[in-house]
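Here the structure is laid out as structure tokens; the discussion comes afterwards.
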Amino acid sequence: MSKFDLVIASGTVANSSETFQADIGVKNGKVSAIAKNLTDAELVIDASGKYVLPGGIEAHCHIEQESSSGLMTADDFYSATVSAAYGGNTCVIPFAAQHRGQSLAHVLESYHGRAKPKAVIDYSFHMIITDPTDDVLNYEMPRAISQGITSFKVYMTYDRLKVDDQQLLKILTVAKKHGALTMVHAENDAMNKWMIDKLIDSDHTAPKYHAPSHPRASEAEAINRTIALGTFLDTPVLIVHVSTEAGARLIAKARYRGQKVFGETCPQYMFLHAEQMDLPGMQGANLCCSPPLRDRASRDEIWRCLQNGTFQVYSSDHAPYRLDSTGKLHAGPNASFPKIANGLPGIEMRLPLLFSEGYLKGRISLNHFVALAAGNVSKIYGLDHCKGSITEGKDADIAIWDPTLSREVTADTMHDDMGFTPYEGMQITGWPTTVIQRGRVIIRNDTLHADRGAGNFIRRQPVDCTGMPGRLEPELDPNCNFGVDFNL
Ligand code: DUC
Ligand code: ZN
Ligand code: ZN
């Protein structure tokens with residue numbers, strides 16, 4: 001029997017904080033040696049001239065998720081995870097969405113049932129909470145956390161999804177007690193509604209008006225409130241899909257103060273802008289997402305905030321809806337913009353875009369690329385015990401990137417079920433050419449070698465807030481509040 005099942009030879013290996021030349025030896029699905037000149041393997045992959053990087057972890061995507069009005073995403077767990085794998089990912093964390101009246105146990109069981117027979121790469125779930133009843137707060141959330149679901153998402157807007165501030169505080173309290181992370185869709189509901197009413201009343205119904213209908217001030221206000229609530233309880237919050245400089249600055253300021261605040265942005269806010277929505281007919285609906293695309297100056301600010309570390313997480317927010325009655329236009333072929341399904345595809349392009357336009361163009365280092373692709377996510381979302389870096393003992397989840405391969409992005413080269421990419425026509429240099437999951441080659445020579453159901457559910461650990469001291473508010477501190485213990 002060979003010493004290794006696989007050796008990846010002669011590549012440039014990079015993690016979030018180091019780059020070196022080495023061979024990687026893999027045994028029983030784990031990285032078992034990192035050294036020069038490893039031999040005695042069943043399979044040797046020559047990676048000379050290539051980068052050997054941790055498999056990407058996609059931490060924000062909507063897969064086989066039904067909306068509160070019953071609309072299903074175009075991708076199921078097969079097409080989405082195949083597409084993710086072609087984009088250099090070996091793990092996804094999509095959402096399991098509670099709708100009002102549903103038990104978390106029922107929702108989780110249903111999403112496990114969707115993912116298990118179809119996912120070709122590893123996965124976990126964040127749970128969306130829309131109905132924080134006493135039962136959900138006292139029993140269901142703790143039980144989900146004990147099952148390795150250590151993050152929850154809440155919405156501050158949308159009638160069927162939103163929680164109010166008091167409900168958010170209750171969710172944050174449970175999350176604090178059990179070491180979970182609360183992800184927040186931060187937009188001010190009233191400001192969005194006011195804008196939408198004004199636009200519709202004045203007959204501005206075309207898709208492009210979606211952009212001004214969610215004003216930048218709405219995002220900033222809600223991010224400010226989220227940070228205030230999370231900081232009040234000294235429990236971590238992660239603001240998802242940040243699209244504005246004002247929002248990013250609030251996150252940066254909170255982090256500077258040591259508060260437990262994380263920020264995420266997405267490729268659409270770095271590579272697209274709202275003017276692109278000014279298209280004939282309903283074509284602009286393809287670019288309706290929430291928060292919406294902003295102007296070119298905002299796009300440049302978001303790039304800067306990614307470069308300077310304000311955002312620790314960079315996710316696709318893959319939310320695939322086709323431009324037909326199954327998706328974007330479910331409310332009719334000429335629906336007004338508030339009735340258009342929100343979301344863009346991007347699970348396959350997330351990393352190639354960042355590698356090409358971020359790393360190869362000198363905007364970020366290779367190590368920063370790896371941190372955004374996998375390293376930061378594995379720490380923040382409790383996957384660091386098994387994923388996120390090429391380290392002896394961890395899963396051999398690896399993507400081998402060819403930094404010289406240049407390709408034009410077209411919808412028909414994507415592997416999702418969309419038939420549309422917002423990045424059509426971009427020339428992208430640097431692609432993952434071989435992808436390995438737990439030591440098995442799943443993509444090579446543009447061919448998929450993974451079966452449906454090959455992916456495993458991964459139990460995640462509590463959120464890691466090392467280096468974020470926070471502080472207990474005096475009113476919650478028994479030493480300062482006449483001895484009241486809030487049992488936090
Ligand atoms: N929020 C998301 O996270 N994704 C798609 C649309 C939305 O509102
Ligand atoms: Zn959202
Ligand atoms: Zn999303």
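For the structure tokens, the naming scheme is as follows: chains receive sequential letters (A, B, ...) according to their order of presentation, residues are indexed from 1 within each chain, and ligands are indexed from 1 in presentation order.
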
Using only C-alpha atoms, determine which residues lie at most 9 Å from Leu360 (chain A), disregarding the query and same-chain residues fewer than 5 positions distant; provide the list as a PDB file with N, CA and C atoms, in the first residue's frame.
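Everything below was put into result_37.pdb:
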```pdb
ATOM      1  N   LEU A 354     -12.320  37.523  -8.088  1.00  0.00           N
ATOM      2  CA  LEU A 354     -11.415  38.104  -7.089  1.00  0.00           C
ATOM      3  C   LEU A 354      -9.958  37.757  -7.389  1.00  0.00           C
ATOM      4  N   PHE A 355      -9.743  36.547  -7.893  1.00  0.00           N
ATOM      5  CA  PHE A 355      -8.371  36.142  -8.223  1.00  0.00           C
ATOM      6  C   PHE A 355      -7.837  37.020  -9.356  1.00  0.00           C
ATOM      7  N   SER A 365      -3.260  40.770  -1.759  1.00  0.00           N
ATOM      8  CA  SER A 365      -2.207  39.752  -1.831  1.00  0.00           C
ATOM      9  C   SER A 365      -2.834  38.378  -2.054  1.00  0.00           C
ATOM     10  N   LEU A 366      -1.981  37.426  -2.387  1.00  0.00           N
ATOM     11  CA  LEU A 366      -2.464  36.047  -2.539  1.00  0.00           C
ATOM     12  C   LEU A 366      -3.030  35.542  -1.211  1.00  0.00           C
ATOM     13  N   PRO A 403      -2.666  30.347 -12.854  1.00  0.00           N
ATOM     14  CA  PRO A 403      -2.724  31.820 -12.922  1.00  0.00           C
ATOM     15  C   PRO A 403      -2.536  32.351 -14.339  1.00  0.00           C
ATOM     16  N   THR A 429      -8.593  36.123 -15.902  1.00  0.00           N
ATOM     17  CA  THR A 429      -7.344  35.347 -15.917  1.00  0.00           C
ATOM     18  C   THR A 429      -7.139  34.698 -14.557  1.00  0.00           C
ATOM     19  N   GLY A 430      -6.817  33.381 -14.587  1.00  0.00           N
ATOM     20  CA  GLY A 430      -6.639  32.628 -13.351  1.00  0.00           C
ATOM     21  C   GLY A 430      -7.916  31.877 -13.025  1.00  0.00           C
TER      22      GLY A 430
END
```

Output as an NGL selection string all residues of region 284-404 of chain A that backbone DSSP marks as helix (DSSP H, G or I). :A and (284-287 or 296-307 or 337-339 or 350-359 or 366-380)

Cut-off 9 Å, only C-alpha atoms and all ligand atoms, neighbours of ligand 3 as a ChimeraX atom specification: /A:60-62,94-95,185,240-241,290,316-319,343

Nearby residues (only C-alpha atoms) at most 9 Å from region 41-55 of chain A, same-chain spacing under 3 positions excluded, as a ChimeraX atom specification: /A:1-15,23-26,38,85,88-91,370,373-375,387-390,396-404,432,435-437

Convert the current residue selection to file output with N, CA and C atoms, as a tab-separated table (two decimals), in the first residue's frame.
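After the write, selection17.tsv holds the following:
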```tsv
chain	number	residue	atom	x	y	z
A	1	MET	N	0.83	-1.19	0.00
A	1	MET	CA	0.00	0.00	0.00
A	1	MET	C	0.88	1.26	0.00
A	2	SER	N	0.48	2.23	-0.79
A	2	SER	CA	1.27	3.47	-0.87
A	2	SER	C	1.14	4.28	0.42
A	3	LYS	N	2.18	5.07	0.64
A	3	LYS	CA	2.14	5.92	1.83
A	3	LYS	C	1.05	6.98	1.73
A	4	PHE	N	0.87	7.51	0.50
A	4	PHE	CA	-0.14	8.56	0.28
A	4	PHE	C	-1.15	8.09	-0.76
A	5	ASP	N	-2.36	8.55	-0.61
A	5	ASP	CA	-3.36	8.34	-1.67
A	5	ASP	C	-3.10	9.31	-2.82
A	6	LEU	N	-2.61	10.47	-2.44
A	6	LEU	CA	-2.42	11.54	-3.44
A	6	LEU	C	-1.26	12.41	-3.01
A	7	VAL	N	-0.43	12.78	-3.97
A	7	VAL	CA	0.56	13.84	-3.72
A	7	VAL	C	0.34	14.93	-4.76
A	8	ILE	N	0.25	16.16	-4.29
A	8	ILE	CA	0.19	17.32	-5.19
A	8	ILE	C	1.59	17.91	-5.18
A	9	ALA	N	2.28	17.79	-6.30
A	9	ALA	CA	3.71	18.05	-6.30
A	9	ALA	C	4.07	19.40	-6.92
A	10	SER	N	5.06	20.03	-6.30
A	10	SER	CA	5.78	21.17	-6.92
A	10	SER	C	4.96	22.44	-7.10
A	11	GLY	N	3.87	22.58	-6.37
A	11	GLY	CA	3.06	23.80	-6.50
A	11	GLY	C	3.49	24.88	-5.53
A	12	THR	N	2.96	26.06	-5.73
A	12	THR	CA	3.11	27.15	-4.76
A	12	THR	C	1.90	27.08	-3.85
A	13	VAL	N	2.14	26.76	-2.58
A	13	VAL	CA	1.05	26.58	-1.63
A	13	VAL	C	0.83	27.90	-0.89
A	14	ALA	N	-0.44	28.27	-0.71
A	14	ALA	CA	-0.71	29.49	0.08
A	14	ALA	C	-1.88	29.26	1.01
A	15	ASN	N	-1.72	29.77	2.22
A	15	ASN	CA	-2.80	29.86	3.20
A	15	ASN	C	-3.05	31.35	3.46
A	23	ASP	N	5.30	20.02	-1.52
A	23	ASP	CA	4.36	18.99	-1.98
A	23	ASP	C	3.36	18.77	-0.85
A	24	ILE	N	2.16	18.36	-1.24
A	24	ILE	CA	1.12	18.06	-0.24
A	24	ILE	C	0.81	16.58	-0.34
A	25	GLY	N	0.96	15.87	0.77
A	25	GLY	CA	0.61	14.45	0.81
A	25	GLY	C	-0.75	14.27	1.46
A	26	VAL	N	-1.58	13.44	0.84
A	26	VAL	CA	-2.95	13.25	1.33
A	26	VAL	C	-3.16	11.77	1.64
A	38	LEU	N	7.88	14.67	-1.79
A	38	LEU	CA	7.10	13.53	-1.30
A	38	LEU	C	6.93	12.51	-2.43
A	85	ALA	N	-18.27	24.08	-7.21
A	85	ALA	CA	-17.02	23.33	-7.34
A	85	ALA	C	-16.22	23.82	-8.53
A	88	GLY	N	-14.05	26.63	-7.75
A	88	GLY	CA	-12.96	26.48	-6.78
A	88	GLY	C	-13.39	26.30	-5.34
A	89	ASN	N	-14.66	25.97	-5.13
A	89	ASN	CA	-15.17	25.81	-3.76
A	89	ASN	C	-15.30	24.33	-3.40
A	90	THR	N	-15.11	24.05	-2.13
A	90	THR	CA	-15.31	22.67	-1.64
A	90	THR	C	-16.31	22.63	-0.49
A	91	CYS	N	-16.89	23.76	-0.17
A	91	CYS	CA	-17.88	23.78	0.91
A	91	CYS	C	-18.82	24.98	0.69
A	370	VAL	N	-6.78	34.17	-0.20
A	370	VAL	CA	-7.11	32.91	0.47
A	370	VAL	C	-7.97	33.17	1.72
A	373	ALA	N	-11.32	33.79	0.46
A	373	ALA	CA	-11.90	32.60	-0.19
A	373	ALA	C	-12.35	31.57	0.84
A	374	ALA	N	-11.54	31.43	1.92
A	374	ALA	CA	-11.78	30.31	2.82
A	374	ALA	C	-11.36	30.56	4.27
A	375	GLY	N	-10.22	31.17	4.49
A	375	GLY	CA	-9.63	31.21	5.84
A	375	GLY	C	-10.48	31.96	6.85
A	387	LYS	N	-11.46	22.73	8.12
A	387	LYS	CA	-11.34	23.34	6.79
A	387	LYS	C	-10.68	24.71	6.86
A	388	GLY	N	-10.48	25.34	5.69
A	388	GLY	CA	-10.05	26.74	5.65
A	388	GLY	C	-8.57	26.95	5.44
A	389	SER	N	-7.77	25.89	5.59
A	389	SER	CA	-6.33	26.04	5.31
A	389	SER	C	-5.76	24.68	4.95
A	390	ILE	N	-4.61	24.72	4.31
A	390	ILE	CA	-3.89	23.48	3.99
A	390	ILE	C	-2.95	23.23	5.16
A	396	ALA	N	-8.45	17.42	3.22
A	396	ALA	CA	-7.69	17.77	2.00
A	396	ALA	C	-8.67	18.35	0.98
A	397	ASP	N	-9.11	19.56	1.28
A	397	ASP	CA	-10.00	20.33	0.40
A	397	ASP	C	-9.13	21.37	-0.29
A	398	ILE	N	-8.87	21.16	-1.55
A	398	ILE	CA	-7.83	21.94	-2.23
A	398	ILE	C	-8.29	22.34	-3.63
A	399	ALA	N	-7.96	23.56	-4.01
A	399	ALA	CA	-8.19	23.99	-5.39
A	399	ALA	C	-6.84	24.37	-6.00
A	400	ILE	N	-6.54	23.81	-7.15
A	400	ILE	CA	-5.29	24.14	-7.84
A	400	ILE	C	-5.62	25.15	-8.93
A	401	TRP	N	-5.01	26.32	-8.81
A	401	TRP	CA	-5.33	27.44	-9.71
A	401	TRP	C	-4.23	27.61	-10.74
A	402	ASP	N	-4.63	27.80	-11.98
A	402	ASP	CA	-3.69	28.12	-13.06
A	402	ASP	C	-3.74	29.64	-13.27
A	403	PRO	N	-2.67	30.35	-12.85
A	403	PRO	CA	-2.72	31.82	-12.92
A	403	PRO	C	-2.54	32.35	-14.34
A	404	THR	N	-2.31	31.47	-15.31
A	404	THR	CA	-2.08	31.96	-16.68
A	404	THR	C	-3.29	31.71	-17.58
A	432	PRO	N	-9.53	27.98	-11.31
A	432	PRO	CA	-9.24	26.71	-10.65
A	432	PRO	C	-9.39	25.59	-11.68
A	435	VAL	N	-9.95	20.52	-8.63
A	435	VAL	CA	-10.56	20.74	-7.31
A	435	VAL	C	-10.65	19.39	-6.60
A	436	ILE	N	-10.23	19.40	-5.35
A	436	ILE	CA	-10.10	18.16	-4.58
A	436	ILE	C	-10.89	18.29	-3.29
A	437	GLN	N	-11.77	17.33	-3.04
A	437	GLN	CA	-12.55	17.36	-1.80
A	437	GLN	C	-12.19	16.14	-0.95
```

DSSP strand (DSSP E) residues within region 170-277 of chain A, as a count of residues only: 13

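Shortest separation to ligand 1 among A:Asp164, A:Glu18, A:Asp189, A:Asp131 occurs at residue A:Asp189, atoms counted being only C-alpha atoms and all ligand atoms.
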
Under the rule that only C-alpha atoms are counted, which of A:Cys289, A:Leu329, A:Leu199, A:Ile302 is the nearest residue to Arg249 (chain A)?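 Closest to Arg249 (chain A) of all the choices is A:Ile302.
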
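Across the structure, CA of Val92 (chain A) and CA of Asp122 (chain A) are spaced 6.5 Å apart.
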
Need to verify the contact set: Ile239 (chain A), 12 Å, only C-alpha atoms, exclusion of same-chain residues closer than 3 positions in sequence. Can you return it as a PyMOL selection string? chain A and resi 60+152-156+181-187+219-220+222-227+230+236+242-244+247-248+250-252+254+260-266+291+310-315

What's around Thr410 (chain A) at 12 Å? Count only C-alpha atoms, leave out sequence neighbours fewer than 3 positions away in its own chain, and write the answer as a list in words.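 With the cut-off at 12 Å, the set is Glu348, Met349, Arg407, Thr413, Met414, His415, Met418, Gly419, Phe420, Thr421, Pro422, Tyr423, Glu424, Gly425, Met426, Gln427 and Ile428 of chain A.
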
Saved selection, atoms kept: N, CA and C atoms, as an mmCIF file, in the first residue's frame:
```cif
data_model
loop_
_atom_site.group_PDB
_atom_site.id
_atom_site.type_symbol
_atom_site.label_atom_id
_atom_site.label_comp_id
_atom_site.auth_asym_id
_atom_site.auth_seq_id
_atom_site.Cartn_x
_atom_site.Cartn_y
_atom_site.Cartn_z
ATOM 1 N N GLU A 348 -20.239 30.539 -9.002
ATOM 2 C CA GLU A 348 -19.085 30.026 -9.768
ATOM 3 C C GLU A 348 -18.058 31.124 -10.037
ATOM 4 N N MET A 349 -18.528 32.375 -10.110
ATOM 5 C CA MET A 349 -17.641 33.471 -10.482
ATOM 6 C C MET A 349 -17.021 34.194 -9.292
ATOM 7 N N ARG A 407 -9.886 33.259 -19.800
ATOM 8 C CA ARG A 407 -11.132 32.860 -20.467
ATOM 9 C C ARG A 407 -12.136 33.989 -20.403
ATOM 10 N N THR A 413 -20.868 28.832 -20.291
ATOM 11 C CA THR A 413 -19.766 28.107 -19.642
ATOM 12 C C THR A 413 -20.008 27.949 -18.133
ATOM 13 N N MET A 414 -21.066 28.539 -17.625
ATOM 14 C CA MET A 414 -21.394 28.374 -16.200
ATOM 15 C C MET A 414 -22.112 27.027 -16.003
ATOM 16 N N HIS A 415 -22.031 26.502 -14.808
ATOM 17 C CA HIS A 415 -22.612 25.183 -14.532
ATOM 18 C C HIS A 415 -23.854 25.249 -13.660
ATOM 19 N N MET A 418 -28.959 28.746 -14.510
ATOM 20 C CA MET A 418 -29.485 30.075 -14.751
ATOM 21 C C MET A 418 -29.563 30.463 -16.229
ATOM 22 N N GLY A 419 -28.531 30.126 -16.997
ATOM 23 C CA GLY A 419 -28.486 30.597 -18.379
ATOM 24 C C GLY A 419 -28.213 32.091 -18.472
ATOM 25 N N PHE A 420 -27.720 32.659 -17.409
ATOM 26 C CA PHE A 420 -27.403 34.097 -17.394
ATOM 27 C C PHE A 420 -26.300 34.334 -16.377
ATOM 28 N N THR A 421 -25.328 35.159 -16.764
ATOM 29 C CA THR A 421 -24.375 35.628 -15.759
ATOM 30 C C THR A 421 -24.237 37.143 -15.888
ATOM 31 N N PRO A 422 -24.245 37.846 -14.764
ATOM 32 C CA PRO A 422 -24.070 39.306 -14.847
ATOM 33 C C PRO A 422 -22.662 39.704 -15.284
ATOM 34 N N TYR A 423 -21.750 38.739 -15.353
ATOM 35 C CA TYR A 423 -20.358 39.046 -15.680
ATOM 36 C C TYR A 423 -20.025 38.670 -17.130
ATOM 37 N N GLU A 424 -21.065 38.476 -17.942
ATOM 38 C CA GLU A 424 -20.922 38.115 -19.361
ATOM 39 C C GLU A 424 -19.895 39.013 -20.057
ATOM 40 N N GLY A 425 -18.976 38.377 -20.780
ATOM 41 C CA GLY A 425 -18.029 39.142 -21.610
ATOM 42 C C GLY A 425 -16.753 39.563 -20.901
ATOM 43 N N MET A 426 -16.690 39.393 -19.575
ATOM 44 C CA MET A 426 -15.452 39.775 -18.884
ATOM 45 C C MET A 426 -14.344 38.775 -19.217
ATOM 46 N N GLN A 427 -13.142 39.275 -19.426
ATOM 47 C CA GLN A 427 -11.994 38.398 -19.659
ATOM 48 C C GLN A 427 -11.332 38.148 -18.300
ATOM 49 N N ILE A 428 -11.352 36.932 -17.839
ATOM 50 C CA ILE A 428 -10.873 36.607 -16.496
ATOM 51 C C ILE A 428 -9.632 35.722 -16.604
#
```

Quick one: of A:Asp159, A:Glu475, A:Asp451, A:Asp234, who's nearest to ligand 1, counting only C-alpha atoms and all ligand atoms? A:Asp159

Between A:Tyr209, A:Tyr269, A:Tyr86, A:Tyr158, single out the one closest to ligand 2, counting only C-alpha atoms and all ligand atoms. A:Tyr158

Looking at only C-alpha atoms and all ligand atoms, which of A:Pro292, A:Gly439, A:Gly87, A:Gly179 is the one that sits closest to ligand 2?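 Among A:Pro292, A:Gly439, A:Gly87, A:Gly179, it is A:Pro292 that comes nearest to ligand 2.
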
Residue contacts of Ser325 (chain A) (12 Å, only C-alpha atoms) excluding same-chain residues fewer than 6 positions away, as a list in words: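 Here the answer would be Leu71, Met72, Thr73, Ala74, Ala331, Gly332, Pro333, Asn334, Ala335, Lys339, Ile340 and Ala341 of chain A.
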
Take the residues that were just selected and, keeping N, CA and C atoms, output them as a compact mmCIF listing (two decimals), in the first residue's frame.
```
# COMPACT_ATOMS: atom_id res chain seq x y z
N LEU A 71 -41.75 30.85 -4.01
CA LEU A 71 -40.91 30.80 -5.21
C LEU A 71 -39.64 30.00 -4.91
N MET A 72 -39.26 29.11 -5.85
CA MET A 72 -38.08 28.27 -5.62
C MET A 72 -36.89 28.81 -6.44
N THR A 73 -35.70 28.75 -5.86
CA THR A 73 -34.51 29.16 -6.62
C THR A 73 -34.33 28.22 -7.82
N ALA A 74 -33.66 28.76 -8.85
CA ALA A 74 -33.46 27.96 -10.07
C ALA A 74 -32.52 26.79 -9.81
N ALA A 331 -44.53 37.37 -10.94
CA ALA A 331 -45.75 38.17 -10.75
C ALA A 331 -46.27 38.72 -12.08
N GLY A 332 -45.72 38.24 -13.19
CA GLY A 332 -46.21 38.68 -14.50
C GLY A 332 -45.09 39.23 -15.34
N PRO A 333 -45.27 39.19 -16.68
CA PRO A 333 -44.18 39.57 -17.59
C PRO A 333 -43.80 41.05 -17.51
N ASN A 334 -44.71 41.86 -17.01
CA ASN A 334 -44.39 43.31 -16.90
C ASN A 334 -44.53 43.80 -15.46
N ALA A 335 -44.22 42.93 -14.54
CA ALA A 335 -44.41 43.28 -13.12
C ALA A 335 -43.63 44.55 -12.76
N LYS A 339 -42.19 43.76 -7.34
CA LYS A 339 -42.68 42.38 -7.43
C LYS A 339 -41.69 41.46 -8.16
N ILE A 340 -40.53 41.99 -8.48
CA ILE A 340 -39.51 41.19 -9.17
C ILE A 340 -38.67 40.46 -8.13
N ALA A 341 -38.42 39.17 -8.36
CA ALA A 341 -37.60 38.41 -7.39
C ALA A 341 -36.18 38.98 -7.37
```

Nearest to Arg160 (chain A) among A:Leu488, A:Ala97, A:Leu448, A:Ile121, with distances taken over only C-alpha atoms: which residue is it? A:Ala97

Please provide as a list in words all residues within 9 Å of Asp464 (chain A), with the sequence filter that same-chain residues fewer than 2 positions apart are discarded (counting only C-alpha atoms). Gly179, Lys379, Ile380, Tyr381, Gly382, Gln461, Pro462 and Thr466 of chain A

Save out the residues we just selected, N, CA and C atoms, as a compact mmCIF listing (two decimals), in the first residue's frame.
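Printed below is selection-v8.txt as written:
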```
# COMPACT_ATOMS: atom_id res chain seq x y z
N GLY A 179 -23.16 30.72 21.93
CA GLY A 179 -21.97 30.89 21.08
C GLY A 179 -22.27 30.94 19.59
N LYS A 379 -12.91 30.43 10.16
CA LYS A 379 -12.78 30.85 11.57
C LYS A 379 -14.10 31.42 12.08
N ILE A 380 -14.66 32.33 11.31
CA ILE A 380 -15.86 33.04 11.77
C ILE A 380 -17.05 32.08 11.91
N TYR A 381 -17.17 31.17 10.96
CA TYR A 381 -18.34 30.29 10.94
C TYR A 381 -18.09 28.89 11.54
N GLY A 382 -16.99 28.75 12.28
CA GLY A 382 -16.81 27.51 13.05
C GLY A 382 -16.45 26.28 12.23
N GLN A 461 -18.65 24.69 14.68
CA GLN A 461 -18.36 25.02 16.08
C GLN A 461 -18.81 26.46 16.38
N PRO A 462 -18.79 26.85 17.64
CA PRO A 462 -19.20 28.22 17.97
C PRO A 462 -18.34 29.27 17.28
N THR A 466 -12.09 35.82 18.98
CA THR A 466 -10.79 36.16 19.53
C THR A 466 -10.36 37.55 19.03
```

Go ahead and compute the interatomic distance for CA of Gly29 (chain A) and CA of Ala371 (chain A), in Å to one decimal.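 Here the two named atoms are 22.2 Å from each other.
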